[in-house]
$ cat data_12.cif   # mmCIF, C-alpha atoms
data_data
#
loop_
_atom_site.label_atom_id
_atom_site.label_comp_id
_atom_site.auth_asym_id
_atom_site.auth_seq_id
_atom_site.Cartn_x
_atom_site.Cartn_y
_atom_site.Cartn_z
CA MET R 148 0.25 -10.26 40.72
CA SER R 149 0.41 -6.90 42.50
CA MET R 150 -1.10 -4.02 40.62
CA ASP R 151 2.04 -1.86 40.81
CA GLN R 152 4.38 -4.45 39.28
CA PRO R 153 3.84 -4.51 35.54
CA VAL R 154 3.95 -7.79 33.63
CA THR R 155 6.75 -7.89 31.04
CA VAL R 156 6.33 -9.73 27.75
CA GLU R 157 9.45 -9.92 25.58
CA VAL R 158 9.10 -9.90 21.81
CA GLY R 159 12.05 -12.05 20.74
CA LEU R 160 13.50 -10.60 17.57
CA GLY R 161 17.23 -10.96 18.23
CA ASP R 162 18.97 -7.59 18.35
CA ARG R 163 15.62 -5.88 17.76
CA ALA R 164 13.92 -7.60 20.71
CA TYR R 165 11.86 -5.30 22.92
CA ASP R 166 9.65 -5.37 26.00
CA ILE R 167 5.92 -4.87 26.32
CA LEU R 168 5.08 -3.67 29.84
CA ILE R 169 1.49 -4.22 30.96
CA GLY R 170 0.00 -2.81 34.16
CA SER R 171 -1.54 0.22 35.81
CA GLY R 172 0.18 3.59 36.23
CA LEU R 173 2.62 3.16 33.34
CA LEU R 174 1.92 6.63 31.87
CA SER R 175 3.39 8.14 35.04
CA ARG R 176 6.50 5.98 34.67
CA ALA R 177 6.97 6.47 30.92
CA GLY R 178 9.93 8.84 31.30
CA GLU R 179 12.01 6.52 33.47
CA GLU R 180 11.18 3.45 31.34
CA ILE R 181 12.19 5.25 28.11
CA ALA R 182 15.29 6.89 29.65
CA ARG R 183 16.47 3.53 31.01
CA ARG R 184 16.45 2.05 27.49
CA LEU R 185 17.30 5.16 25.46
CA PRO R 186 19.31 7.48 27.72
CA GLY R 187 19.58 11.16 26.83
CA THR R 188 16.89 11.16 24.15
CA ARG R 189 14.42 13.90 23.35
CA ALA R 190 10.89 13.02 22.31
CA ALA R 191 7.94 13.95 20.15
CA VAL R 192 4.55 12.67 21.28
CA VAL R 193 1.91 12.12 18.59
CA THR R 194 -1.68 11.84 19.83
CA ASP R 195 -5.25 12.75 18.86
CA GLU R 196 -7.57 15.37 20.35
CA ASN R 197 -9.71 12.88 22.33
CA VAL R 198 -6.79 10.97 23.85
CA ALA R 199 -4.93 14.24 24.56
CA ALA R 200 -7.88 15.54 26.58
CA ALA R 201 -7.97 12.38 28.71
CA HIS R 202 -4.30 11.37 29.10
CA LEU R 203 -1.76 13.85 27.73
CA ASP R 204 -1.14 15.70 31.02
CA THR R 205 -0.45 12.43 32.85
CA LEU R 206 2.01 11.32 30.16
CA LYS R 207 3.78 14.70 30.01
CA ALA R 208 4.28 14.67 33.78
CA GLY R 209 5.55 11.08 33.53
CA LEU R 210 8.02 12.00 30.78
CA GLU R 211 9.23 15.10 32.60
CA LYS R 212 9.84 13.01 35.72
CA GLY R 213 12.29 10.99 33.60
CA GLY R 214 13.95 14.16 32.29
CA ILE R 215 12.18 14.22 28.89
CA GLN R 216 10.52 17.46 27.70
CA PRO R 217 8.24 16.34 24.85
CA THR R 218 7.12 18.19 21.74
CA VAL R 219 3.43 17.35 21.22
CA ILE R 220 1.83 16.83 17.78
CA THR R 221 -1.97 16.52 17.94
CA MET R 222 -4.05 14.97 15.16
CA PRO R 223 -7.82 14.78 14.59
CA PRO R 224 -9.37 11.49 15.79
CA GLY R 225 -10.62 8.78 13.40
CA GLU R 226 -9.59 6.48 10.55
CA LYS R 227 -9.34 9.39 8.06
CA THR R 228 -6.20 10.53 9.91
CA LYS R 229 -4.28 7.61 8.34
CA SER R 230 -3.52 9.70 5.23
CA PHE R 231 -0.57 11.16 3.33
CA ALA R 232 -1.55 14.68 4.45
CA HIS R 233 -1.41 13.76 8.14
CA LEU R 234 1.77 11.72 7.65
CA GLU R 235 3.38 14.86 6.24
CA GLU R 236 2.17 16.86 9.26
CA VAL R 237 3.73 14.39 11.70
CA VAL R 238 7.04 14.27 9.80
CA ASP R 239 7.13 18.07 9.64
CA GLY R 240 6.38 18.34 13.36
CA VAL R 241 9.26 15.99 14.22
CA LEU R 242 11.68 17.92 11.97
CA ALA R 243 10.44 21.30 13.26
CA ALA R 244 11.25 20.12 16.80
CA ARG R 245 14.84 19.52 15.56
CA LEU R 246 14.82 15.95 16.80
CA GLU R 247 17.80 13.86 15.76
CA ARG R 248 18.00 10.36 14.43
CA GLY R 249 18.63 8.79 17.85
CA ASP R 250 15.68 10.61 19.46
CA VAL R 251 12.30 9.00 20.02
CA VAL R 252 8.84 9.35 18.51
CA VAL R 253 6.07 8.27 20.90
CA ALA R 254 2.56 7.22 19.80
CA LEU R 255 -0.11 7.92 22.45
CA GLY R 256 -3.43 6.65 21.12
CA GLY R 257 -5.32 3.81 19.52
CA GLY R 258 -4.49 1.88 16.37
CA VAL R 259 -4.82 4.84 14.00
CA ILE R 260 -2.27 6.98 15.89
CA GLY R 261 0.01 3.95 16.35
CA ASP R 262 -0.02 3.09 12.64
CA LEU R 263 0.51 6.67 11.48
CA THR R 264 3.20 7.52 14.05
CA GLY R 265 5.11 4.29 13.47
CA PHE R 266 5.20 4.96 9.72
CA ALA R 267 6.47 8.52 10.33
CA ALA R 268 9.13 7.22 12.76
CA GLY R 269 10.19 4.65 10.16
CA ILE R 270 10.82 7.18 7.41
CA VAL R 271 11.79 10.51 9.01
CA ARG R 272 15.62 10.78 9.01
CA ARG R 273 15.52 7.23 7.54
CA GLY R 274 14.27 5.76 10.78
CA MET R 275 14.05 6.96 14.39
CA ASN R 276 13.35 5.24 17.69
CA PHE R 277 9.67 4.48 18.16
CA VAL R 278 7.73 3.88 21.40
CA GLN R 279 4.09 2.73 21.49
CA ILE R 280 1.74 3.78 24.29
CA PRO R 281 -1.55 2.20 23.12
CA THR R 282 -4.69 3.61 24.76
CA SER R 283 -7.38 1.24 23.43
CA LEU R 284 -7.77 -2.45 24.22
CA LEU R 285 -7.62 -3.19 20.49
CA ALA R 286 -4.26 -1.42 20.16
CA GLN R 287 -2.89 -3.03 23.34
CA VAL R 288 -3.58 -6.58 22.18
CA ASP R 289 -3.20 -6.14 18.44
CA SER R 290 -1.82 -3.19 16.52
CA SER R 291 0.89 -2.17 19.00
CA VAL R 292 2.55 -5.59 18.76
CA GLY R 293 4.38 -6.73 15.66
CA GLY R 294 5.72 -3.68 13.89
CA LYS R 295 3.18 -3.13 11.12
CA THR R 296 2.72 0.57 10.43
CA GLY R 297 0.98 2.44 7.65
CA ILE R 298 -1.68 4.68 6.21
CA ASN R 299 -4.66 4.15 3.93
CA SER R 300 -4.82 4.95 0.25
CA PRO R 301 -8.04 5.85 -1.59
CA ARG R 302 -7.56 2.37 -3.13
CA GLY R 303 -7.70 0.50 0.19
CA LYS R 304 -6.72 0.19 3.83
CA ASN R 305 -3.09 -0.07 5.00
CA LEU R 306 -1.65 -0.15 1.48
CA VAL R 307 1.27 2.20 2.23
CA GLY R 308 3.62 1.60 5.15
CA VAL R 309 6.71 -0.07 6.54
CA PHE R 310 7.58 -2.73 9.10
CA LEU R 311 9.13 -0.97 12.11
CA GLN R 312 9.45 -2.65 15.49
CA PRO R 313 9.12 -0.30 18.47
CA ARG R 314 11.85 -0.07 21.12
CA LEU R 315 9.26 -0.35 23.89
CA VAL R 316 5.49 -0.75 24.34
CA LEU R 317 3.77 0.58 27.47
CA ALA R 318 0.25 -0.84 27.86
CA ASP R 319 -1.29 1.06 30.78
CA THR R 320 -4.39 -0.92 31.81
CA GLU R 321 -5.80 2.08 33.70
CA VAL R 322 -6.34 4.17 30.56
CA LEU R 323 -8.87 1.56 29.44
CA ASP R 324 -11.23 2.76 32.19
CA THR R 325 -12.03 5.82 30.06
CA LEU R 326 -12.77 3.69 26.97
CA PRO R 327 -16.43 3.54 25.86
CA ILE R 328 -17.83 0.04 26.51
CA ARG R 329 -18.43 -0.55 22.80
CA GLU R 330 -14.75 0.10 22.05
CA PHE R 331 -13.66 -2.16 24.92
CA ARG R 332 -15.88 -4.96 23.58
CA ALA R 333 -14.50 -4.47 20.07
CA GLY R 334 -10.95 -4.86 21.40
CA TYR R 335 -12.02 -7.92 23.38
CA ALA R 336 -12.94 -9.66 20.10
CA GLU R 337 -9.26 -9.51 19.04
CA LEU R 338 -8.23 -10.75 22.49
CA ALA R 339 -10.54 -13.78 22.24
CA LYS R 340 -9.15 -14.41 18.74
CA TYR R 341 -5.79 -15.57 20.16
CA GLY R 342 -7.57 -18.29 22.13
CA LEU R 343 -9.43 -19.40 19.02
CA ILE R 344 -6.25 -19.50 16.89
CA ASP R 345 -4.04 -21.79 18.97
CA ARG R 346 -4.61 -21.28 22.72
CA PRO R 347 -7.74 -23.21 23.65
CA GLU R 348 -6.87 -22.86 27.36
CA LEU R 349 -6.99 -19.04 26.96
CA PHE R 350 -10.47 -19.30 25.45
CA ASP R 351 -11.59 -21.55 28.35
CA TRP R 352 -10.17 -19.02 30.81
CA LEU R 353 -11.93 -16.11 29.08
CA GLU R 354 -15.27 -17.94 29.16
CA ALA R 355 -14.86 -18.20 32.95
CA ASN R 356 -13.27 -14.80 33.65
CA TRP R 357 -14.42 -12.31 31.01
CA GLN R 358 -16.45 -10.27 33.53
CA LYS R 359 -13.29 -9.70 35.59
CA VAL R 360 -11.37 -8.65 32.45
CA PHE R 361 -14.09 -6.06 31.77
CA ALA R 362 -14.12 -4.96 35.43
CA GLY R 363 -10.42 -4.15 35.28
CA GLY R 364 -8.72 -6.09 38.07
CA PRO R 365 -5.49 -8.10 37.74
CA GLU R 366 -7.36 -10.40 35.31
CA ARG R 367 -7.38 -7.55 32.77
CA ALA R 368 -3.57 -7.27 32.83
CA GLN R 369 -3.31 -11.07 32.73
CA ALA R 370 -5.56 -11.33 29.65
CA ILE R 371 -3.70 -8.56 27.81
CA ALA R 372 -0.33 -10.14 28.65
CA GLU R 373 -1.52 -13.54 27.38
CA ALA R 374 -2.75 -11.95 24.12
CA CYS R 375 0.56 -10.09 23.67
CA ARG R 376 2.49 -13.34 24.28
CA ALA R 377 0.36 -15.11 21.68
CA LYS R 378 0.93 -12.40 19.08
CA ALA R 379 4.63 -12.03 19.97
CA ASP R 380 5.13 -15.77 19.37
CA VAL R 381 3.60 -15.57 15.90
CA VAL R 382 5.52 -12.39 15.02
CA ALA R 383 8.84 -13.89 16.17
CA ARG R 384 8.19 -16.88 13.87
CA ASP R 385 7.09 -14.84 10.86
CA GLU R 386 7.89 -11.14 11.19
CA PHE R 387 7.13 -10.12 7.60
CA GLU R 388 4.00 -12.22 7.11
CA THR R 389 5.17 -14.74 4.55
CA GLY R 390 3.49 -17.70 6.29
CA ASP R 391 2.12 -18.37 9.77
CA ARG R 392 1.42 -14.73 10.61
CA ALA R 393 -1.63 -14.96 8.34
CA LEU R 394 -3.33 -16.94 11.15
CA LEU R 395 -3.81 -13.59 12.90
CA ASN R 396 -6.37 -12.84 10.17
CA LEU R 397 -8.87 -15.30 11.69
CA GLY R 398 -12.29 -13.67 11.24
CA HIS R 399 -10.84 -10.84 9.17
CA THR R 400 -11.80 -12.03 5.69
CA PHE R 401 -15.52 -12.01 6.50
CA GLY R 402 -15.01 -9.04 8.85
CA HIS R 403 -13.28 -6.79 6.28
CA ALA R 404 -15.99 -7.62 3.72
CA LEU R 405 -18.68 -6.57 6.20
CA GLU R 406 -16.78 -3.37 7.03
CA ALA R 407 -16.55 -2.56 3.33
CA ALA R 408 -20.24 -3.46 2.85
CA THR R 409 -21.17 -0.87 5.52
CA GLN R 410 -18.83 1.73 3.90
CA TYR R 411 -16.66 1.72 7.06
CA ASP R 412 -19.49 3.48 8.91
CA GLY R 413 -18.40 3.18 12.55
CA ALA R 414 -21.94 3.89 13.75
CA ARG R 415 -23.01 0.59 12.17
CA LEU R 416 -19.92 -1.58 12.60
CA VAL R 417 -16.49 -1.00 14.10
CA HIS R 418 -13.50 -3.18 13.19
CA GLY R 419 -13.57 -5.43 16.28
CA GLU R 420 -17.28 -6.09 15.80
CA GLY R 421 -16.62 -7.08 12.18
CA VAL R 422 -13.94 -9.46 13.47
CA ALA R 423 -16.37 -10.93 16.05
CA ILE R 424 -18.97 -11.70 13.37
CA GLY R 425 -16.16 -12.89 11.10
CA MET R 426 -14.85 -15.36 13.72
CA ALA R 427 -18.33 -16.74 14.33
CA LEU R 428 -18.81 -17.12 10.56
CA ALA R 429 -15.38 -18.76 10.14
CA HIS R 430 -16.30 -21.39 12.76
CA ARG R 431 -19.75 -21.91 11.26
CA PHE R 432 -18.26 -22.17 7.76
CA SER R 433 -15.67 -24.71 9.03
CA SER R 434 -18.47 -26.83 10.46
CA ARG R 435 -20.38 -26.57 7.17
CA LEU R 436 -17.27 -27.90 5.39
CA ASN R 437 -17.16 -30.76 7.95
CA LEU R 438 -13.81 -29.59 9.30
CA ALA R 439 -15.06 -28.85 12.81
CA SER R 440 -17.97 -29.68 15.08
CA PRO R 441 -21.05 -27.41 15.03
CA ASP R 442 -20.72 -27.43 18.86
CA ASP R 443 -17.54 -25.34 18.56
CA ALA R 444 -19.30 -22.78 16.37
CA ALA R 445 -22.12 -22.62 18.91
CA ARG R 446 -19.62 -22.15 21.74
CA VAL R 447 -17.98 -19.20 19.98
CA GLU R 448 -21.36 -17.61 19.23
CA THR R 449 -22.51 -18.09 22.84
CA HIS R 450 -19.42 -16.42 24.24
CA LEU R 451 -19.55 -13.43 21.86
CA ARG R 452 -23.23 -12.95 22.64
CA ALA R 453 -22.58 -13.17 26.43
CA VAL R 454 -19.96 -10.41 26.16
CA GLY R 455 -22.36 -8.22 24.18
CA LEU R 456 -20.66 -8.49 20.79
CA PRO R 457 -22.52 -9.00 17.51
CA TRP R 458 -22.09 -12.57 16.22
CA ARG R 459 -24.12 -12.78 13.00
CA MET R 460 -24.78 -10.54 10.02
CA ALA R 461 -28.33 -9.87 11.22
CA ASP R 462 -26.82 -7.99 14.21
CA ILE R 463 -25.58 -5.20 11.92
CA PRO R 464 -28.12 -2.34 11.79
CA GLY R 465 -29.45 -1.36 8.36
CA GLU R 466 -29.56 -3.24 5.06
CA LEU R 467 -26.62 -5.30 3.84
CA PRO R 468 -25.80 -5.84 0.15
CA ASP R 469 -26.68 -9.31 -1.16
CA ALA R 470 -24.48 -12.41 -0.91
CA GLU R 471 -22.97 -11.85 -4.39
CA ALA R 472 -21.89 -8.33 -3.43
CA LEU R 473 -20.40 -9.60 -0.15
CA LEU R 474 -18.45 -12.23 -2.07
CA SER R 475 -17.05 -9.54 -4.38
CA PHE R 476 -15.78 -7.63 -1.32
CA ILE R 477 -14.09 -10.84 -0.16
CA THR R 478 -12.45 -11.45 -3.53
CA GLN R 479 -11.19 -7.84 -3.58
CA ASP R 480 -9.70 -8.28 -0.10
CA LYS R 481 -8.02 -11.58 -0.92
CA LYS R 482 -5.89 -13.01 -3.70
CA VAL R 483 -8.02 -15.31 -5.82
CA SER R 484 -6.44 -18.01 -7.90
CA ARG R 485 -8.61 -19.95 -10.35
CA GLY R 486 -11.82 -19.35 -8.42
CA ALA R 487 -10.35 -20.54 -5.09
CA LEU R 488 -9.85 -18.36 -2.01
CA THR R 489 -7.55 -18.40 1.01
CA PHE R 490 -9.36 -18.44 4.36
CA ILE R 491 -8.36 -19.01 7.97
CA LEU R 492 -10.53 -21.97 8.95
CA THR R 493 -10.55 -24.17 12.03
CA ARG R 494 -10.71 -27.82 13.12
CA GLY R 495 -12.00 -26.76 16.53
CA ILE R 496 -11.40 -24.22 19.32
CA GLY R 497 -7.71 -23.26 19.18
CA GLN R 498 -7.07 -25.23 15.97
CA ALA R 499 -7.05 -22.58 13.24
CA PHE R 500 -5.20 -23.23 9.97
CA ILE R 501 -4.61 -21.56 6.61
CA ALA R 502 -6.86 -23.07 3.91
CA LYS R 503 -5.64 -22.07 0.45
CA ASP R 504 -8.15 -23.72 -1.83
CA VAL R 505 -11.63 -22.77 -0.64
CA PRO R 506 -14.04 -22.77 -3.62
CA ALA R 507 -15.70 -19.37 -4.12
CA SER R 508 -18.94 -21.25 -4.89
CA GLU R 509 -18.95 -22.74 -1.35
CA VAL R 510 -18.41 -19.31 0.17
CA LEU R 511 -21.27 -17.89 -1.88
CA SER R 512 -23.80 -20.52 -0.84
CA PHE R 513 -22.66 -20.14 2.80
CA LEU R 514 -23.16 -16.35 2.60
CA ARG R 515 -26.62 -16.88 1.08
CA GLU R 516 -27.64 -19.19 3.95
CA ASN R 517 -26.36 -16.80 6.63
CA HIS R 518 -27.55 -13.57 5.04
CA PRO R 519 -30.19 -11.71 7.10
CA ALA R 520 -32.42 -11.78 4.02
CA SER R 521 -32.48 -15.59 4.26
CA ARG R 522 -35.09 -16.96 6.68
CA LYS R 523 -32.63 -19.66 7.78
CA ALA R 524 -30.11 -17.13 9.10
CA GLY R 525 -29.48 -17.28 12.86
#
$ encode --input "data_12.cif" --output "C-alpha cells"
Amino acid sequence: MSMDQPVTVEVGLGDRAYDILIGSGLLSRAGEEIARRLPGTRAAVVTDENVAAAHLDTLKAGLEKGGIQPTVITMPPGEKTKSFAHLEEVVDGVLAARLERGDVVVALGGGVIGDLTGFAAGIVRRGMNFVQIPTSLLAQVDSSVGGKTGINSPRGKNLVGVFLQPRLVLADTEVLDTLPIREFRAGYAELAKYGLIDRPELFDWLEANWQKVFAGGPERAQAIAEACRAKADVVARDEFETGDRALLNLGHTFGHALEAATQYDGARLVHGEGVAIGMALAHRFSSRLNLASPDDAARVETHLRAVGLPWRMADIPGELPDAEALLSFITQDKKVSRGALTFILTRGIGQAFIAKDVPASEVLSFLRENHPASRKAG
C-alpha cells in the first residue's frame, strides 16, 4: 500500500452512500476531492483554535488548489463547545457567508467539532452538504463515521442533534503526528473495540502490530481503514440505532459511568480511557457471569496495559464514589426495566452481544469487587 494512494472505504447507504478516504496528505488534496463530488460549491470550514494553529493553513491551501475559497469559523476547544450558544454561532457564520443550500460545511477537528458542525449543517437552510475532516484518531475511527451529530444539554451528553450522513470523509493519517500520545491512545481504545465486537482477527493483528500503528507507517492507515469498515458495516445495517448498532457501545456503559463519576474531568479520565476500562470490565463481568473465559478478559487487560491505557478503576487518579453511586450513574445512562439493565457483554474475543436482562444486583456486587476500595480489586 503506497503512502500516496489513499485507501477508500465506502459506507453503503444507497443514494446517500459516501466514501471515507484514509491516507497521508489528504488535507492538501481536499479541494480536488470535494470539487470532484460537489462541483462549483463554496465552503465554510468550522474548526477550533488548537486545530487551526496546527492544520488550517494546509487545508486552506488544499481547498484553494481545488478552486474553493473557504470562510473560516473558529470555536474554542473542548467539550463545552457542544452547546446551543456555539451552535448558533456556527449557523450565523454560515448564513453571514451567504452560503446556499447546495454549498458545503466542512468540519476540521476532533469529535466535538465534528458533532457540532454536522448538527449545524443538518439544520441550517434545512440541510446543507457536510464534509468531515477528522483530526484525532478517535474521530477518524468513531465519530466521523455514521452520521450522528449533536450537542450536549445541561441534562446530559448528546441529547440534542440529528442524523446527517456526510458527503465525504477525509481521514489524513499525517495530522495524527501532532496528536498528544494520551489522545492517540484514547482513540486507539475505540479502534481495538471493533476487534472485540466481531472481528477477532483484527484484535489478533493489533496485538502483533500495535507499535507500528502508533509509529505511523502504512499499518496506521490499514488499522484505521479496518475500523472504518467495521463501523460502516454496522451503520449500513442499522443507521438509526434501533438494534445492532448498540454493539458499538461495548465498554461505554461502564465507561460513561466512570466519566460521570469523575465529573468529566479530562485531567483524570478522557472518553477513550473510560472506554478502555469499560471494555476490560465488560469482559471481566462476562467471565463472572460464566459467559466467557477469564482468559479472554486477561488478554484484553494485557493488551490495554501494553499500549499504555488504563484497564481498571484503580488506574483513575483520585477517589471514586462508592459502588452504589457508580451503579446509579449506570442506571441514569441506561434504560432500566424492572431492575434489569441492558449491557453489551461477550462470549469471547470478537463475540459481543446485546444482553437485555442483566440484574442490577449482579452489576452492584461486580462493582463492589472491582472497586479500588476493595482489596480484591486488580
$ residues_around --input "data_12.cif" --residues "R:Arg332" --least-positions-apart "5" --cutoff "10 Å" --atoms "only C-alpha atoms" --output "number ranges by chain"
R: 284-285, 326-327, 337-338, 361, 419-420, 423, 451, 454-457
$ atom_distance --input "data_12.cif" --atom1 "atom CA of R:Glu236" --atom2 "atom CA of R:Gly256"
16.6 Å
$ closest_residue --input "data_12.cif" --among "R:Leu394, R:Gly274, R:Ala267, R:Lys229" --to "R:Asn299" --atoms "all atoms listed in the file"
R:Lys229
$ residues_around --input "data_12.cif" --residues "R:Ala177" --least-positions-apart "2" --cutoff "7 Å" --atoms "only C-alpha atoms" --output "list in words"
Leu173, Leu174, Ser175, Glu179, Glu180, Ile181, Leu206, Gly209 and Leu210 of chain R
$ atom_distance --input "data_12.cif" --atom1 "atom CA of R:Ala502" --atom2 "atom CA of R:Ile463"
27.1 Å
$ closest_residue --input "data_12.cif" --among "R:Ile270, R:Val241, R:Ala408, R:Met426" --to "R:Ser475" --atoms "only C-alpha atoms"
R:Ala408
$ resolve_selection --input "data_12.cif" --expression "the PyMOL selection byres ((chain R and resi 313) around 10)" --output "number ranges by chain"
R: 163-167, 251-253, 265, 268-269, 275-279, 291-295, 310-312, 314-316
$ atom_distance --input "data_12.cif" --atom1 "atom CA of R:Ala445" --atom2 "atom CA of R:Gly497"
14.4 Å
$ residues_around --input "data_12.cif" --residues "R:Gly261" --least-positions-apart "5" --cutoff "9 Å" --atoms "all atoms listed in the file" --output "PyMOL selection string"
chain R and resi 193-194+253-256+266+279-281+286+290-291+296-297
$ build_atoms --input "data_12.cif" --residues "stretch 428-437 of chain R" --atoms "all heavy atoms" --output "PDB file, in the frame of the given file"
ATOM      1  N   LEU R 428     -18.560 -16.586  11.904  1.00  0.00           N
ATOM      2  CA  LEU R 428     -18.810 -17.120  10.560  1.00  0.00           C
ATOM      3  C   LEU R 428     -17.726 -18.122  10.145  1.00  0.00           C
ATOM      4  O   LEU R 428     -18.027 -19.152   9.534  1.00  0.00           O
ATOM      5  CB  LEU R 428     -18.888 -15.978   9.532  1.00  0.00           C
ATOM      6  CG  LEU R 428     -20.140 -15.087   9.598  1.00  0.00           C
ATOM      7  CD1 LEU R 428     -19.988 -13.883   8.674  1.00  0.00           C
ATOM      8  CD2 LEU R 428     -21.416 -15.872   9.244  1.00  0.00           C
ATOM      9  N   ALA R 429     -16.462 -17.834  10.498  1.00  0.00           N
ATOM     10  CA  ALA R 429     -15.380 -18.760  10.140  1.00  0.00           C
ATOM     11  C   ALA R 429     -15.583 -20.122  10.810  1.00  0.00           C
ATOM     12  O   ALA R 429     -15.336 -21.175  10.205  1.00  0.00           O
ATOM     13  CB  ALA R 429     -14.022 -18.165  10.526  1.00  0.00           C
ATOM     14  N   HIS R 430     -16.044 -20.113  12.059  1.00  0.00           N
ATOM     15  CA  HIS R 430     -16.300 -21.390  12.760  1.00  0.00           C
ATOM     16  C   HIS R 430     -17.518 -22.099  12.163  1.00  0.00           C
ATOM     17  O   HIS R 430     -17.518 -23.307  11.988  1.00  0.00           O
ATOM     18  CB  HIS R 430     -16.493 -21.144  14.259  1.00  0.00           C
ATOM     19  CG  HIS R 430     -15.191 -20.980  14.994  1.00  0.00           C
ATOM     20  ND1 HIS R 430     -14.475 -19.803  14.961  1.00  0.00           N
ATOM     21  CD2 HIS R 430     -14.463 -21.847  15.740  1.00  0.00           C
ATOM     22  CE1 HIS R 430     -13.364 -19.963  15.672  1.00  0.00           C
ATOM     23  NE2 HIS R 430     -13.326 -21.188  16.144  1.00  0.00           N
ATOM     24  N   ARG R 431     -18.547 -21.312  11.847  1.00  0.00           N
ATOM     25  CA  ARG R 431     -19.750 -21.910  11.260  1.00  0.00           C
ATOM     26  C   ARG R 431     -19.452 -22.478   9.867  1.00  0.00           C
ATOM     27  O   ARG R 431     -19.918 -23.565   9.510  1.00  0.00           O
ATOM     28  CB  ARG R 431     -20.823 -20.823  11.173  1.00  0.00           C
ATOM     29  CG  ARG R 431     -22.208 -21.360  10.906  1.00  0.00           C
ATOM     30  CD  ARG R 431     -23.226 -20.232  10.879  1.00  0.00           C
ATOM     31  NE  ARG R 431     -23.857 -20.073  12.185  1.00  0.00           N
ATOM     32  CZ  ARG R 431     -25.161 -19.801  12.321  1.00  0.00           C
ATOM     33  NH1 ARG R 431     -25.931 -19.640  11.266  1.00  0.00           N
ATOM     34  NH2 ARG R 431     -25.686 -19.679  13.514  1.00  0.00           N
ATOM     35  N   PHE R 432     -18.635 -21.729   9.100  1.00  0.00           N
ATOM     36  CA  PHE R 432     -18.260 -22.170   7.760  1.00  0.00           C
ATOM     37  C   PHE R 432     -17.408 -23.448   7.858  1.00  0.00           C
ATOM     38  O   PHE R 432     -17.593 -24.394   7.084  1.00  0.00           O
ATOM     39  CB  PHE R 432     -17.484 -21.049   7.053  1.00  0.00           C
ATOM     40  CG  PHE R 432     -17.186 -21.294   5.594  1.00  0.00           C
ATOM     41  CD1 PHE R 432     -18.149 -21.841   4.742  1.00  0.00           C
ATOM     42  CD2 PHE R 432     -15.951 -20.950   5.060  1.00  0.00           C
ATOM     43  CE1 PHE R 432     -17.874 -22.052   3.387  1.00  0.00           C
ATOM     44  CE2 PHE R 432     -15.671 -21.150   3.706  1.00  0.00           C
ATOM     45  CZ  PHE R 432     -16.636 -21.705   2.873  1.00  0.00           C
ATOM     46  N   SER R 433     -16.504 -23.507   8.823  1.00  0.00           N
ATOM     47  CA  SER R 433     -15.670 -24.710   9.030  1.00  0.00           C
ATOM     48  C   SER R 433     -16.532 -25.910   9.364  1.00  0.00           C
ATOM     49  O   SER R 433     -16.244 -27.034   8.932  1.00  0.00           O
ATOM     50  CB  SER R 433     -14.654 -24.462  10.152  1.00  0.00           C
ATOM     51  OG  SER R 433     -13.791 -23.394   9.816  1.00  0.00           O
ATOM     52  N   SER R 434     -17.596 -25.683  10.132  1.00  0.00           N
ATOM     53  CA  SER R 434     -18.470 -26.830  10.460  1.00  0.00           C
ATOM     54  C   SER R 434     -19.292 -27.230   9.229  1.00  0.00           C
ATOM     55  O   SER R 434     -19.525 -28.412   8.995  1.00  0.00           O
ATOM     56  CB  SER R 434     -19.327 -26.521  11.692  1.00  0.00           C
ATOM     57  OG  SER R 434     -20.614 -26.120  11.339  1.00  0.00           O
ATOM     58  N   ARG R 435     -19.656 -26.248   8.411  1.00  0.00           N
ATOM     59  CA  ARG R 435     -20.380 -26.570   7.170  1.00  0.00           C
ATOM     60  C   ARG R 435     -19.519 -27.394   6.211  1.00  0.00           C
ATOM     61  O   ARG R 435     -20.018 -28.238   5.461  1.00  0.00           O
ATOM     62  CB  ARG R 435     -20.797 -25.263   6.483  1.00  0.00           C
ATOM     63  CG  ARG R 435     -21.678 -25.447   5.259  1.00  0.00           C
ATOM     64  CD  ARG R 435     -21.946 -24.088   4.626  1.00  0.00           C
ATOM     65  NE  ARG R 435     -22.998 -24.157   3.625  1.00  0.00           N
ATOM     66  CZ  ARG R 435     -22.799 -24.491   2.363  1.00  0.00           C
ATOM     67  NH1 ARG R 435     -21.567 -24.799   1.955  1.00  0.00           N
ATOM     68  NH2 ARG R 435     -23.802 -24.533   1.502  1.00  0.00           N
ATOM     69  N   LEU R 436     -18.199 -27.144   6.238  1.00  0.00           N
ATOM     70  CA  LEU R 436     -17.270 -27.900   5.390  1.00  0.00           C
ATOM     71  C   LEU R 436     -16.827 -29.200   6.066  1.00  0.00           C
ATOM     72  O   LEU R 436     -15.900 -29.864   5.599  1.00  0.00           O
ATOM     73  CB  LEU R 436     -16.037 -27.046   5.062  1.00  0.00           C
ATOM     74  CG  LEU R 436     -16.274 -25.748   4.270  1.00  0.00           C
ATOM     75  CD1 LEU R 436     -14.999 -24.914   4.202  1.00  0.00           C
ATOM     76  CD2 LEU R 436     -16.786 -26.052   2.859  1.00  0.00           C
ATOM     77  N   ASN R 437     -17.479 -29.542   7.182  1.00  0.00           N
ATOM     78  CA  ASN R 437     -17.160 -30.760   7.950  1.00  0.00           C
ATOM     79  C   ASN R 437     -15.724 -30.809   8.455  1.00  0.00           C
ATOM     80  O   ASN R 437     -15.136 -31.876   8.588  1.00  0.00           O
ATOM     81  CB  ASN R 437     -17.463 -32.031   7.131  1.00  0.00           C
ATOM     82  CG  ASN R 437     -18.951 -32.150   6.859  1.00  0.00           C
ATOM     83  OD1 ASN R 437     -19.767 -31.864   7.733  1.00  0.00           O
ATOM     84  ND2 ASN R 437     -19.295 -32.519   5.643  1.00  0.00           N
TER      85      ASN R 437
END
